[in-house]
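Colleague: Next comes the structure file entry_29.pdb, holding PDB, C-alpha atoms.
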ATOM      1  CA  MET L1398     121.630  91.798  76.309  1.00  0.00           C
ATOM      2  CA  LYS L1399     122.274  90.130  79.655  1.00  0.00           C
ATOM      3  CA  LYS L1400     124.482  93.019  80.839  1.00  0.00           C
ATOM      4  CA  THR L1401     121.858  95.547  79.742  1.00  0.00           C
ATOM      5  CA  THR L1402     119.147  93.692  81.673  1.00  0.00           C
ATOM      6  CA  VAL L1403     121.307  93.559  84.801  1.00  0.00           C
ATOM      7  CA  LEU L1404     122.091  97.285  84.478  1.00  0.00           C
ATOM      8  CA  LEU L1405     118.403  98.190  84.163  1.00  0.00           C
ATOM      9  CA  LEU L1406     117.539  96.060  87.182  1.00  0.00           C
ATOM     10  CA  MET L1407     120.329  97.688  89.189  1.00  0.00           C
ATOM     11  CA  ILE L1408     118.999 101.149  88.334  1.00  0.00           C
ATOM     12  CA  PHE L1409     115.491 100.064  89.355  1.00  0.00           C
ATOM     13  CA  PHE L1410     116.625  98.719  92.717  1.00  0.00           C
ATOM     14  CA  PHE L1411     118.804 101.775  93.332  1.00  0.00           C
ATOM     15  CA  CYS L1412     115.654 103.873  93.056  1.00  0.00           C
ATOM     16  CA  LEU L1413     113.835 101.389  95.311  1.00  0.00           C
ATOM     17  CA  SER L1414     116.610 101.504  97.904  1.00  0.00           C
ATOM     18  CA  LEU L1415     116.343 105.263  98.248  1.00  0.00           C
ATOM     19  CA  ALA L1416     112.791 104.775  99.482  1.00  0.00           C
ATOM     20  CA  GLN L1417     113.449 101.760 101.589  1.00  0.00           C
ATOM     21  CA  ALA L1418     116.588  99.823 105.312  1.00  0.00           C
ATOM     22  CA  ALA L1419     119.420  97.173 106.045  1.00  0.00           C
ATOM     23  CA  PRO L1420     118.097  93.595 105.981  1.00  0.00           C
ATOM     24  CA  VAL L1421     119.368  90.334 107.410  1.00  0.00           C
ATOM     25  CA  GLY L1422     119.452  89.509 103.698  1.00  0.00           C
ATOM     26  CA  SER L1423     120.065  86.444 101.564  1.00  0.00           C
ATOM     27  CA  PRO L1424     120.872  83.107 103.249  1.00  0.00           C
ATOM     28  CA  ALA L1425     124.572  82.332 103.781  1.00  0.00           C
ATOM     29  CA  GLY L1426     124.523  79.614 101.094  1.00  0.00           C
ATOM     30  CA  LEU L1427     124.367  82.342  98.433  1.00  0.00           C
ATOM     31  CA  LEU L1428     128.159  82.369  97.891  1.00  0.00           C
ATOM     32  CA  LYS L1429     130.778  79.638  97.633  1.00  0.00           C
ATOM     33  CA  LYS L1430     134.431  80.065  98.638  1.00  0.00           C
ATOM     34  CA  GLY L1431     136.119  82.729  96.510  1.00  0.00           C
ATOM     35  CA  GLN L1432     132.880  84.066  95.012  1.00  0.00           C
ATOM     36  CA  TRP L1433     131.961  87.755  95.044  1.00  0.00           C
ATOM     37  CA  ASP L1434     128.723  89.626  94.681  1.00  0.00           C
ATOM     38  CA  PHE L1435     127.730  93.256  94.546  1.00  0.00           C
ATOM     39  CA  ALA L1436     124.300  94.552  95.401  1.00  0.00           C
ATOM     40  CA  LEU L1437     121.986  97.497  95.774  1.00  0.00           C
ATOM     41  CA  GLU L1438     119.753  97.154  98.792  1.00  0.00           C
ATOM     42  CA  GLY L1439     117.730  99.284 101.132  1.00  0.00           C
ATOM     43  CA  GLY L1440     114.786  99.468 103.448  1.00  0.00           C
ATOM     44  CA  TYR L1441     112.371 101.473 105.506  1.00  0.00           C
ATOM     45  CA  ILE L1442     111.951 101.235 109.285  1.00  0.00           C
ATOM     46  CA  SER L1443     108.483 102.486 110.168  1.00  0.00           C
ATOM     47  CA  ARG L1444     108.131 104.315 113.495  1.00  0.00           C
ATOM     48  CA  ARG L1445     110.240 102.056 115.711  1.00  0.00           C
ATOM     49  CA  PRO L1446     109.555 102.740 119.440  1.00  0.00           C
ATOM     50  CA  MET L1447     112.428 104.439 121.303  1.00  0.00           C
ATOM     51  CA  GLU L1448     112.838 105.683 124.859  1.00  0.00           C
ATOM     52  CA  THR L1449     115.060 108.040 126.853  1.00  0.00           C
ATOM     53  CA  SER L1450     115.399 108.349 130.636  1.00  0.00           C
ATOM     54  CA  GLY L1451     112.475 105.956 131.077  1.00  0.00           C
ATOM     55  CA  ASN L1452     110.199 107.975 128.789  1.00  0.00           C
ATOM     56  CA  PRO L1453     108.840 105.628 126.067  1.00  0.00           C
ATOM     57  CA  ASN L1454     106.928 108.266 124.098  1.00  0.00           C
ATOM     58  CA  TYR L1455     109.291 108.446 121.132  1.00  0.00           C
ATOM     59  CA  GLU L1456     109.440 106.779 117.720  1.00  0.00           C
ATOM     60  CA  VAL L1457     111.904 106.919 114.854  1.00  0.00           C
ATOM     61  CA  SER L1458     111.516 106.251 111.134  1.00  0.00           C
ATOM     62  CA  ILE L1459     114.631 105.582 109.062  1.00  0.00           C
ATOM     63  CA  THR L1460     115.048 105.283 105.301  1.00  0.00           C
ATOM     64  CA  HIS L1461     118.393 104.071 103.970  1.00  0.00           C
ATOM     65  CA  GLY L1462     119.867 102.624 100.794  1.00  0.00           C
ATOM     66  CA  TYR L1463     123.206 100.851 100.320  1.00  0.00           C
ATOM     67  CA  HIS L1464     125.680  99.502  97.838  1.00  0.00           C
ATOM     68  CA  SER L1465     127.204  96.323  99.270  1.00  0.00           C
ATOM     69  CA  ARG L1466     129.984  93.872  98.392  1.00  0.00           C
ATOM     70  CA  SER L1467     130.108  90.302  99.695  1.00  0.00           C
ATOM     71  CA  TYR L1468     132.843  87.655  99.573  1.00  0.00           C
ATOM     72  CA  GLY L1469     132.684  83.922 100.240  1.00  0.00           C
ATOM     73  CA  LEU L1470     135.346  83.248 102.888  1.00  0.00           C
ATOM     74  CA  THR L1471     134.444  79.543 102.776  1.00  0.00           C
ATOM     75  CA  ASP L1472     131.539  77.532 101.362  1.00  0.00           C
ATOM     76  CA  ARG L1473     129.727  78.198 104.657  1.00  0.00           C
ATOM     77  CA  LEU L1474     130.802  81.727 105.606  1.00  0.00           C
ATOM     78  CA  MET L1475     130.489  85.102 103.861  1.00  0.00           C
ATOM     79  CA  LEU L1476     131.485  88.658 104.748  1.00  0.00           C
ATOM     80  CA  THR L1477     129.586  91.756 103.580  1.00  0.00           C
ATOM     81  CA  GLY L1478     130.490  95.438 103.703  1.00  0.00           C
ATOM     82  CA  LYS L1479     128.075  98.211 102.771  1.00  0.00           C
ATOM     83  CA  ALA L1480     128.001 101.982 102.339  1.00  0.00           C
ATOM     84  CA  GLY L1481     125.145 104.298 101.476  1.00  0.00           C
ATOM     85  CA  GLY L1482     122.862 107.097 102.561  1.00  0.00           C
ATOM     86  CA  ILE L1483     120.173 107.659 105.204  1.00  0.00           C
ATOM     87  CA  TYR L1484     117.294 109.931 106.077  1.00  0.00           C
ATOM     88  CA  GLY L1485     114.980 109.851 109.054  1.00  0.00           C
ATOM     89  CA  TYR L1486     112.528 111.449 111.467  1.00  0.00           C
ATOM     90  CA  LEU L1487     112.189 111.455 115.261  1.00  0.00           C
ATOM     91  CA  TYR L1488     108.658 111.661 116.684  1.00  0.00           C
ATOM     92  CA  ASP L1489     107.973 113.015 120.189  1.00  0.00           C
ATOM     93  CA  GLU L1490     104.589 111.986 121.635  1.00  0.00           C
ATOM     94  CA  THR L1491     105.236 113.118 125.214  1.00  0.00           C
ATOM     95  CA  THR L1492     102.339 115.589 125.055  1.00  0.00           C
ATOM     96  CA  PRO L1493      99.065 113.765 124.133  1.00  0.00           C
ATOM     97  CA  GLY L1494      97.574 115.080 120.901  1.00  0.00           C
ATOM     98  CA  ALA L1495     100.611 117.252 120.145  1.00  0.00           C
ATOM     99  CA  GLU L1496     103.130 115.102 118.264  1.00  0.00           C
ATOM    100  CA  THR L1497     106.431 116.774 117.353  1.00  0.00           C
ATOM    101  CA  LYS L1498     108.287 115.615 114.227  1.00  0.00           C
ATOM    102  CA  THR L1499     112.036 116.350 113.970  1.00  0.00           C
ATOM    103  CA  SER L1500     114.056 115.703 110.813  1.00  0.00           C
ATOM    104  CA  LEU L1501     117.302 113.746 111.279  1.00  0.00           C
ATOM    105  CA  SER L1502     118.433 115.007 107.850  1.00  0.00           C
ATOM    106  CA  GLY L1503     120.441 113.048 105.309  1.00  0.00           C
ATOM    107  CA  GLY L1504     123.789 111.431 106.008  1.00  0.00           C
ATOM    108  CA  LEU L1505     126.181 108.514 105.663  1.00  0.00           C
ATOM    109  CA  GLY L1506     125.428 104.867 106.424  1.00  0.00           C
ATOM    110  CA  LEU L1507     128.038 102.099 106.892  1.00  0.00           C
ATOM    111  CA  GLY L1508     127.574  98.424 107.713  1.00  0.00           C
ATOM    112  CA  LEU L1509     129.521  95.185 108.237  1.00  0.00           C
ATOM    113  CA  GLN L1510     127.967  91.709 108.369  1.00  0.00           C
ATOM    114  CA  LEU L1511     129.266  88.174 108.907  1.00  0.00           C
ATOM    115  CA  LYS L1512     126.914  85.349 107.978  1.00  0.00           C
ATOM    116  CA  GLY L1513     127.390  81.589 108.128  1.00  0.00           C
ATOM    117  CA  ILE L1514     125.711  78.207 107.704  1.00  0.00           C
ATOM    118  CA  ILE L1515     125.335  76.511 111.081  1.00  0.00           C
ATOM    119  CA  PHE L1516     123.848  73.311 109.677  1.00  0.00           C
ATOM    120  CA  LYS L1517     122.640  72.087 106.287  1.00  0.00           C
ATOM    121  CA  ARG L1518     120.919  68.847 105.275  1.00  0.00           C
ATOM    122  CA  LYS L1519     121.990  67.688 101.825  1.00  0.00           C
ATOM    123  CA  ASP L1520     118.984  65.400 101.382  1.00  0.00           C
ATOM    124  CA  THR L1521     116.342  68.088 102.010  1.00  0.00           C
ATOM    125  CA  GLY L1522     118.300  71.272 101.284  1.00  0.00           C
ATOM    126  CA  LEU L1523     117.195  72.752 104.607  1.00  0.00           C
ATOM    127  CA  GLU L1524     119.681  75.399 105.759  1.00  0.00           C
ATOM    128  CA  TRP L1525     120.113  76.867 109.245  1.00  0.00           C
ATOM    129  CA  ASP L1526     121.994  80.175 109.296  1.00  0.00           C
ATOM    130  CA  GLY L1527     123.397  82.612 111.826  1.00  0.00           C
ATOM    131  CA  SER L1528     124.342  86.243 111.266  1.00  0.00           C
ATOM    132  CA  GLY L1529     125.900  89.199 113.074  1.00  0.00           C
ATOM    133  CA  GLN L1530     125.720  92.760 111.757  1.00  0.00           C
ATOM    134  CA  PHE L1531     126.769  96.286 112.778  1.00  0.00           C
ATOM    135  CA  LEU L1532     125.201  99.387 111.253  1.00  0.00           C
ATOM    136  CA  TYR L1533     126.291 102.991 111.765  1.00  0.00           C
ATOM    137  CA  MET L1534     124.442 105.991 110.383  1.00  0.00           C
ATOM    138  CA  ARG L1535     125.727 109.537 110.732  1.00  0.00           C
ATOM    139  CA  SER L1536     123.921 112.772 109.990  1.00  0.00           C
ATOM    140  CA  HIS L1537     126.235 115.661 110.869  1.00  0.00           C
ATOM    141  CA  HIS L1538     126.237 119.297 109.786  1.00  0.00           C
ATOM    142  CA  LYS L1539     129.013 121.817 110.448  1.00  0.00           C
ATOM    143  CA  LYS L1540     126.637 124.759 110.184  1.00  0.00           C
ATOM    144  CA  SER L1541     125.612 126.131 113.585  1.00  0.00           C
ATOM    145  CA  GLY L1542     122.013 125.466 114.575  1.00  0.00           C
ATOM    146  CA  LYS L1543     121.666 122.313 112.464  1.00  0.00           C
ATOM    147  CA  ALA L1544     120.637 119.094 114.206  1.00  0.00           C
ATOM    148  CA  ASN L1545     123.060 116.148 114.226  1.00  0.00           C
ATOM    149  CA  ALA L1546     122.375 112.449 114.793  1.00  0.00           C
ATOM    150  CA  ASP L1547     124.325 109.186 115.216  1.00  0.00           C
ATOM    151  CA  TRP L1548     122.594 105.794 114.921  1.00  0.00           C
ATOM    152  CA  TYR L1549     124.352 102.636 116.189  1.00  0.00           C
ATOM    153  CA  GLU L1550     122.734  99.245 115.643  1.00  0.00           C
ATOM    154  CA  TRP L1551     124.027  95.799 116.591  1.00  0.00           C
ATOM    155  CA  GLN L1552     122.062  92.891 115.192  1.00  0.00           C
ATOM    156  CA  ALA L1553     122.186  89.102 115.628  1.00  0.00           C
ATOM    157  CA  SER L1554     119.852  86.704 113.844  1.00  0.00           C
ATOM    158  CA  THR L1555     119.158  83.082 113.060  1.00  0.00           C
ATOM    159  CA  SER L1556     116.972  81.654 110.297  1.00  0.00           C
ATOM    160  CA  LEU L1557     115.883  78.554 108.393  1.00  0.00           C
ATOM    161  CA  ALA L1558     115.896  78.496 104.579  1.00  0.00           C
ATOM    162  CA  LYS L1559     114.995  75.966 101.886  1.00  0.00           C
ATOM    163  CA  GLU L1560     115.616  76.236  98.154  1.00  0.00           C
ATOM    164  CA  ILE L1561     112.681  75.308  95.906  1.00  0.00           C
ATOM    165  CA  GLY L1562     113.716  75.600  92.274  1.00  0.00           C
ATOM    166  CA  ARG L1563     114.569  79.258  91.665  1.00  0.00           C
ATOM    167  CA  PHE L1564     112.896  80.342  94.888  1.00  0.00           C
ATOM    168  CA  LYS L1565     114.509  80.239  98.353  1.00  0.00           C
ATOM    169  CA  PRO L1566     112.226  81.372 101.198  1.00  0.00           C
ATOM    170  CA  TYR L1567     113.531  81.860 104.727  1.00  0.00           C
ATOM    171  CA  ALA L1568     112.193  82.826 108.154  1.00  0.00           C
ATOM    172  CA  GLY L1569     113.854  83.616 111.442  1.00  0.00           C
ATOM    173  CA  VAL L1570     114.246  85.736 114.545  1.00  0.00           C
ATOM    174  CA  LYS L1571     116.569  88.671 115.085  1.00  0.00           C
ATOM    175  CA  PHE L1572     117.861  90.525 118.118  1.00  0.00           C
ATOM    176  CA  SER L1573     118.614  94.195 117.582  1.00  0.00           C
ATOM    177  CA  THR L1574     119.947  96.828 119.950  1.00  0.00           C
ATOM    178  CA  VAL L1575     119.887 100.469 118.864  1.00  0.00           C
ATOM    179  CA  ASN L1576     121.310 103.678 120.291  1.00  0.00           C
ATOM    180  CA  LEU L1577     120.445 107.060 118.776  1.00  0.00           C
ATOM    181  CA  ASP L1578     122.333 110.184 119.883  1.00  0.00           C
ATOM    182  CA  HIS L1579     120.550 113.360 118.805  1.00  0.00           C
ATOM    183  CA  ASP L1580     121.934 116.912 119.040  1.00  0.00           C
ATOM    184  CA  ASP L1581     119.254 119.528 118.430  1.00  0.00           C
ATOM    185  CA  GLY L1582     121.818 122.040 117.118  1.00  0.00           C
ATOM    186  CA  LYS L1583     121.558 124.154 120.259  1.00  0.00           C
ATOM    187  CA  GLY L1584     124.002 122.176 122.365  1.00  0.00           C
ATOM    188  CA  ASN L1585     121.396 119.785 123.797  1.00  0.00           C
ATOM    189  CA  THR L1586     122.204 116.097 123.241  1.00  0.00           C
ATOM    190  CA  THR L1587     119.748 113.280 124.035  1.00  0.00           C
ATOM    191  CA  SER L1588     120.395 109.523 123.828  1.00  0.00           C
ATOM    192  CA  TYR L1589     117.554 107.192 122.835  1.00  0.00           C
ATOM    193  CA  ASP L1590     117.453 103.389 123.102  1.00  0.00           C
ATOM    194  CA  GLU L1591     115.243 100.851 121.357  1.00  0.00           C
ATOM    195  CA  ASP L1592     112.124  99.987 123.356  1.00  0.00           C
ATOM    196  CA  GLU L1593     111.961  96.329 122.200  1.00  0.00           C
ATOM    197  CA  ASN L1594     114.801  94.133 120.919  1.00  0.00           C
ATOM    198  CA  VAL L1595     113.479  90.842 119.493  1.00  0.00           C
ATOM    199  CA  GLY L1596     111.220  90.161 116.524  1.00  0.00           C
ATOM    200  CA  PRO L1597     110.572  87.797 113.585  1.00  0.00           C
ATOM    201  CA  PHE L1598     111.450  88.290 109.927  1.00  0.00           C
ATOM    202  CA  VAL L1599     110.588  86.514 106.676  1.00  0.00           C
ATOM    203  CA  GLY L1600     112.073  86.787 103.217  1.00  0.00           C
ATOM    204  CA  ALA L1601     112.965  85.082  99.969  1.00  0.00           C
ATOM    205  CA  ASP L1602     115.617  84.986  97.256  1.00  0.00           C
ATOM    206  CA  ILE L1603     114.494  84.692  93.635  1.00  0.00           C
ATOM    207  CA  TYR L1604     117.132  83.562  91.121  1.00  0.00           C
ATOM    208  CA  PHE L1605     117.373  84.734  87.505  1.00  0.00           C
ATOM    209  CA  GLY L1606     119.686  83.985  84.591  1.00  0.00           C
ATOM    210  CA  ARG L1607     121.046  80.735  83.199  1.00  0.00           C
ATOM    211  CA  ASP L1608     123.677  80.605  85.964  1.00  0.00           C
ATOM    212  CA  ARG L1609     121.335  82.017  88.610  1.00  0.00           C
ATOM    213  CA  ASP L1610     123.785  84.874  89.057  1.00  0.00           C
ATOM    214  CA  VAL L1611     121.136  87.603  89.392  1.00  0.00           C
ATOM    215  CA  VAL L1612     119.273  87.429  92.708  1.00  0.00           C
ATOM    216  CA  ILE L1613     116.352  89.522  93.945  1.00  0.00           C
ATOM    217  CA  ASN L1614     115.985  89.542  97.725  1.00  0.00           C
ATOM    218  CA  LEU L1615     112.787  90.645  99.482  1.00  0.00           C
ATOM    219  CA  GLU L1616     112.341  90.762 103.250  1.00  0.00           C
ATOM    220  CA  ALA L1617     109.974  92.027 105.937  1.00  0.00           C
ATOM    221  CA  GLY L1618     110.644  92.321 109.667  1.00  0.00           C
ATOM    222  CA  PHE L1619     108.400  92.983 112.644  1.00  0.00           C
ATOM    223  CA  LEU L1620     110.302  94.519 115.551  1.00  0.00           C
ATOM    224  CA  MET L1621     107.771  96.784 117.320  1.00  0.00           C
ATOM    225  CA  GLY L1622     107.153  98.452 113.966  1.00  0.00           C
ATOM    226  CA  SER L1623     107.273  97.170 110.404  1.00  0.00           C
ATOM    227  CA  GLU L1624     110.480  96.993 108.354  1.00  0.00           C
ATOM    228  CA  TYR L1625     110.491  96.436 104.592  1.00  0.00           C
ATOM    229  CA  TYR L1626     113.531  95.610 102.495  1.00  0.00           C
ATOM    230  CA  GLY L1627     114.511  94.998  98.901  1.00  0.00           C
ATOM    231  CA  GLY L1628     117.786  94.153  97.183  1.00  0.00           C
ATOM    232  CA  LEU L1629     119.295  93.137  93.870  1.00  0.00           C
ATOM    233  CA  ARG L1630     122.494  91.052  93.861  1.00  0.00           C
ATOM    234  CA  TYR L1631     124.852  89.964  91.099  1.00  0.00           C
ATOM    235  CA  ARG L1632     127.256  87.147  91.999  1.00  0.00           C
ATOM    236  CA  PHE L1633     130.372  86.097  90.120  1.00  0.00           C
TER     237      PHE L1633
END
What's the structure tokens form of this structure?

Modeller:
Amino acid sequence: MKKTTVLLLMIFFFCLSLAQAAPVGSPAGLLKKGQWDFALEGGYISRRPMETSGNPNYEVSITHGYHSRSYGLTDRLMLTGKAGGIYGYLYDETTPGAETKTSLSGGLGLGLQLKGIIFKRKDTGLEWDGSGQFLYMRSHHKKSGKANADWYEWQASTSLAKEIGRFKPYAGVKFSTVNLDHDDGKGNTTSYDEDENVGPFVGADIYFGRDRDVVINLEAGFLMGSEYYGGLRYRF
């Protein structure tokens, strides 16, 4: 029964991830040394401001979903790798009242994250974390005339978390730097950079099961545009 419930939840969050983008995610205290987890996660970045050659009149929306695996290197440090799919749009607002929307098509997404506990108080359960993450998304087509895109994102974050029963809320700040290389399929390549780099995020883990081995993670970020995330983790 337990395995069936977990399977149904995984299917549900897989569907959610296809309509959602990569979060900072669960606090580092999720895994102990030698523990594993696997997860389905995803998110949606809504019209993040981008610029090229000093022109700030661009925005990008990205949808991506991932399957990830995490391992507890120590009781305070965990490593996560992820692979999945992406889809997105580039908006050009250079001409007032005449927005142009360009599809970035579907493609591959890969990510690597290292997360650790900087400080934890045993008496209060307050946890201070730090995280570094790299995300690469590739949308390439061999067929002539098709647009290609490469998305590179480096992210660093810090957050405070506190476990309250089966609920563990957290809040923090993240720094993100993004580079998007876009080929229009006609031999013209343009590089775009993120317009703003720092913003807050909030989230929570919710634990299920007798051993609290099923974890739902929800998160929202605000980095010059809203970001919404969801994930389902199973740890063992």

Colleague: Mind listing as a PyMOL selection string all residues within 12 Å of (110.6, 77.7, 102.4), counting all atoms listed in the file?

Modeller: chain L and resi 1424+1521-1525+1556-1569+1599-1603

Colleague: Could you tell me how far atom CA of Lys1430 of chain L sits from atom CA of Gly1469 of chain L, in Å to one decimal place?

Modeller: 4.5 Å

Colleague: Return the single residue from L:Gly1426, L:Gly1618, L:Gly1440, L:Gly1584 that is closest to Ser1458 of chain L, with distances computed using all atoms listed in the file.

Modeller: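 Closest residue, counting all atoms listed in the file: L:Gly1440.
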
Colleague: Please enumerate the residues selected by the PyMOL selection byres ((chain L and resi 1489) around 7) when evaluated against the supplied file, formatted as a PDB file with C-alpha atoms, in the coordinates of the input.

Modeller:
ATOM      1  CA  ASN L1454     106.928 108.266 124.098  1.00  0.00           C
ATOM      2  CA  TYR L1455     109.291 108.446 121.132  1.00  0.00           C
ATOM      3  CA  GLU L1456     109.440 106.779 117.720  1.00  0.00           C
ATOM      4  CA  LEU L1487     112.189 111.455 115.261  1.00  0.00           C
ATOM      5  CA  TYR L1488     108.658 111.661 116.684  1.00  0.00           C
ATOM      6  CA  GLU L1490     104.589 111.986 121.635  1.00  0.00           C
ATOM      7  CA  THR L1491     105.236 113.118 125.214  1.00  0.00           C
ATOM      8  CA  GLU L1496     103.130 115.102 118.264  1.00  0.00           C
ATOM      9  CA  THR L1497     106.431 116.774 117.353  1.00  0.00           C
ATOM     10  CA  LYS L1498     108.287 115.615 114.227  1.00  0.00           C
TER      11      LYS L1498
END

Colleague: What would the selection look like, as a list in words, if the PyMOL selection byres ((chain L and resi 1611) around 8) were run on the coordinates I just shared?

Modeller: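 Written out, the selection comes to Val1403, Tyr1604, Phe1605, Gly1606, Arg1609, Asp1610, Val1612, Ile1613, Leu1629, Arg1630, Tyr1631 and Arg1632 of chain L.
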
Colleague: What lies within 6 Å of Gly1482 of chain L using only C-alpha atoms, ignoring chain neighbours under 2 positions off, as a PDB file with C-alpha atoms, keeping the file's coordinate frame?

Modeller:
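Output saved as around.pdb:
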ATOM      1  CA  HIS L1461     118.393 104.071 103.970  1.00  0.00           C
ATOM      2  CA  GLY L1462     119.867 102.624 100.794  1.00  0.00           C
ATOM      3  CA  GLY L1504     123.789 111.431 106.008  1.00  0.00           C
ATOM      4  CA  LEU L1505     126.181 108.514 105.663  1.00  0.00           C
ATOM      5  CA  GLY L1506     125.428 104.867 106.424  1.00  0.00           C
TER       6      GLY L1506
END

Colleague: To one decimal in Å, tell me the separation between atom CA of Glu1438 of chain L and atom CA of Tyr1463 of chain L.

Modeller: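 Separating atom CA of Glu1438 of chain L from atom CA of Tyr1463 of chain L is a distance of 5.3 Å.
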
Colleague: From the options L:Asn1576, L:Ser1554, L:Gln1530, L:Thr1477, which residue's atoms come nearest to His1464 of chain L, counting all atoms listed in the file?

Modeller: L:Thr1477

Colleague: Please, what distance in Å, to one decimal, runs between atom CA of Thr1586 of chain L and atom CA of Leu1501 of chain L?

Modeller: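 Pair atom CA of Thr1586 of chain L / atom CA of Leu1501 of chain L returns 13.1 Å.
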
Colleague: If you take every atom of segment 1564-1577 of chain L that the file lists and fit an axis-aligned box around them with 3 Å extra on each side, what centre and edge lengths come out in Å to one decimal, as JSON?

Modeller:
{"center_x": 116.8, "center_y": 93.6, "center_z": 107.6, "size_x": 15.1, "size_y": 32.8, "size_z": 31.4}

Colleague: Could you tell me, as a PDB file with C-alpha atoms, in the coordinates of the input, exactly which residues end up selected when the PyMOL selection byres ((chain L and resi 1544) around 6) is applied to this structure?

Modeller:
ATOM      1  CA  LYS L1543     121.666 122.313 112.464  1.00  0.00           C
ATOM      2  CA  ASN L1545     123.060 116.148 114.226  1.00  0.00           C
ATOM      3  CA  ASP L1580     121.934 116.912 119.040  1.00  0.00           C
ATOM      4  CA  ASP L1581     119.254 119.528 118.430  1.00  0.00           C
ATOM      5  CA  GLY L1582     121.818 122.040 117.118  1.00  0.00           C
TER       6      GLY L1582
END

Colleague: Ranking L:Leu1615, L:Gly1596, L:Phe1633, L:Asp1547 by minimum distance to Gly1431 of chain L and counting all atoms listed in the file, which one comes first?

Modeller: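 Closest candidate: L:Phe1633.
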
Colleague: Determine, counting only C-alpha atoms, which protein, DNA and RNA residues have an atom within 10 Å of an atom of Ile1515 of chain L; residues of the same chain fewer than 5 positions away are not included. Present the result as a PyMOL selection string.

Modeller: chain L and resi 1425+1473-1474+1524-1528+1555-1556

Colleague: Measuring between all atoms listed in the file, which one of L:Leu1437, L:Glu1593, L:Leu1476, L:Ala1553 shows the shortest distance to Pro1453 of chain L?

Modeller: L:Glu1593

Colleague: Is there a way to complete segment 1451-1462 of chain L with N, CA and C atoms and then write that out as an mmCIF file, keeping the file's coordinate frame?

Modeller:
data_model
loop_
_atom_site.group_PDB
_atom_site.id
_atom_site.type_symbol
_atom_site.label_atom_id
_atom_site.label_comp_id
_atom_site.auth_asym_id
_atom_site.auth_seq_id
_atom_site.Cartn_x
_atom_site.Cartn_y
_atom_site.Cartn_z
ATOM 1 N N GLY L 1451 113.714 106.593 130.640
ATOM 2 C CA GLY L 1451 112.475 105.956 131.077
ATOM 3 C C GLY L 1451 111.222 106.477 130.416
ATOM 4 N N ASN L 1452 111.360 107.431 129.505
ATOM 5 C CA ASN L 1452 110.199 107.975 128.789
ATOM 6 C C ASN L 1452 110.052 107.246 127.456
ATOM 7 N N PRO L 1453 108.984 106.438 127.280
ATOM 8 C CA PRO L 1453 108.840 105.628 126.067
ATOM 9 C C PRO L 1453 108.077 106.317 124.938
ATOM 10 N N ASN L 1454 107.813 107.593 125.057
ATOM 11 C CA ASN L 1454 106.928 108.266 124.098
ATOM 12 C C ASN L 1454 107.660 108.823 122.878
ATOM 13 N N TYR L 1455 108.550 108.014 122.314
ATOM 14 C CA TYR L 1455 109.291 108.446 121.132
ATOM 15 C C TYR L 1455 109.271 107.335 120.084
ATOM 16 N N GLU L 1456 109.342 107.728 118.833
ATOM 17 C CA GLU L 1456 109.440 106.779 117.720
ATOM 18 C C GLU L 1456 110.394 107.355 116.684
ATOM 19 N N VAL L 1457 110.996 106.468 115.903
ATOM 20 C CA VAL L 1457 111.904 106.919 114.854
ATOM 21 C C VAL L 1457 111.609 106.157 113.568
ATOM 22 N N SER L 1458 111.633 106.867 112.462
ATOM 23 C CA SER L 1458 111.516 106.251 111.134
ATOM 24 C C SER L 1458 112.814 106.508 110.381
ATOM 25 N N ILE L 1459 113.357 105.466 109.772
ATOM 26 C CA ILE L 1459 114.631 105.582 109.062
ATOM 27 C C ILE L 1459 114.490 105.004 107.658
ATOM 28 N N THR L 1460 114.957 105.757 106.679
ATOM 29 C CA THR L 1460 115.048 105.283 105.301
ATOM 30 C C THR L 1460 116.519 105.237 104.926
ATOM 31 N N HIS L 1461 116.999 104.094 104.413
ATOM 32 C CA HIS L 1461 118.393 104.071 103.970
ATOM 33 C C HIS L 1461 118.608 103.089 102.832
ATOM 34 N N GLY L 1462 119.514 103.449 101.939
ATOM 35 C CA GLY L 1462 119.867 102.624 100.794
ATOM 36 C C GLY L 1462 121.364 102.408 100.748
#
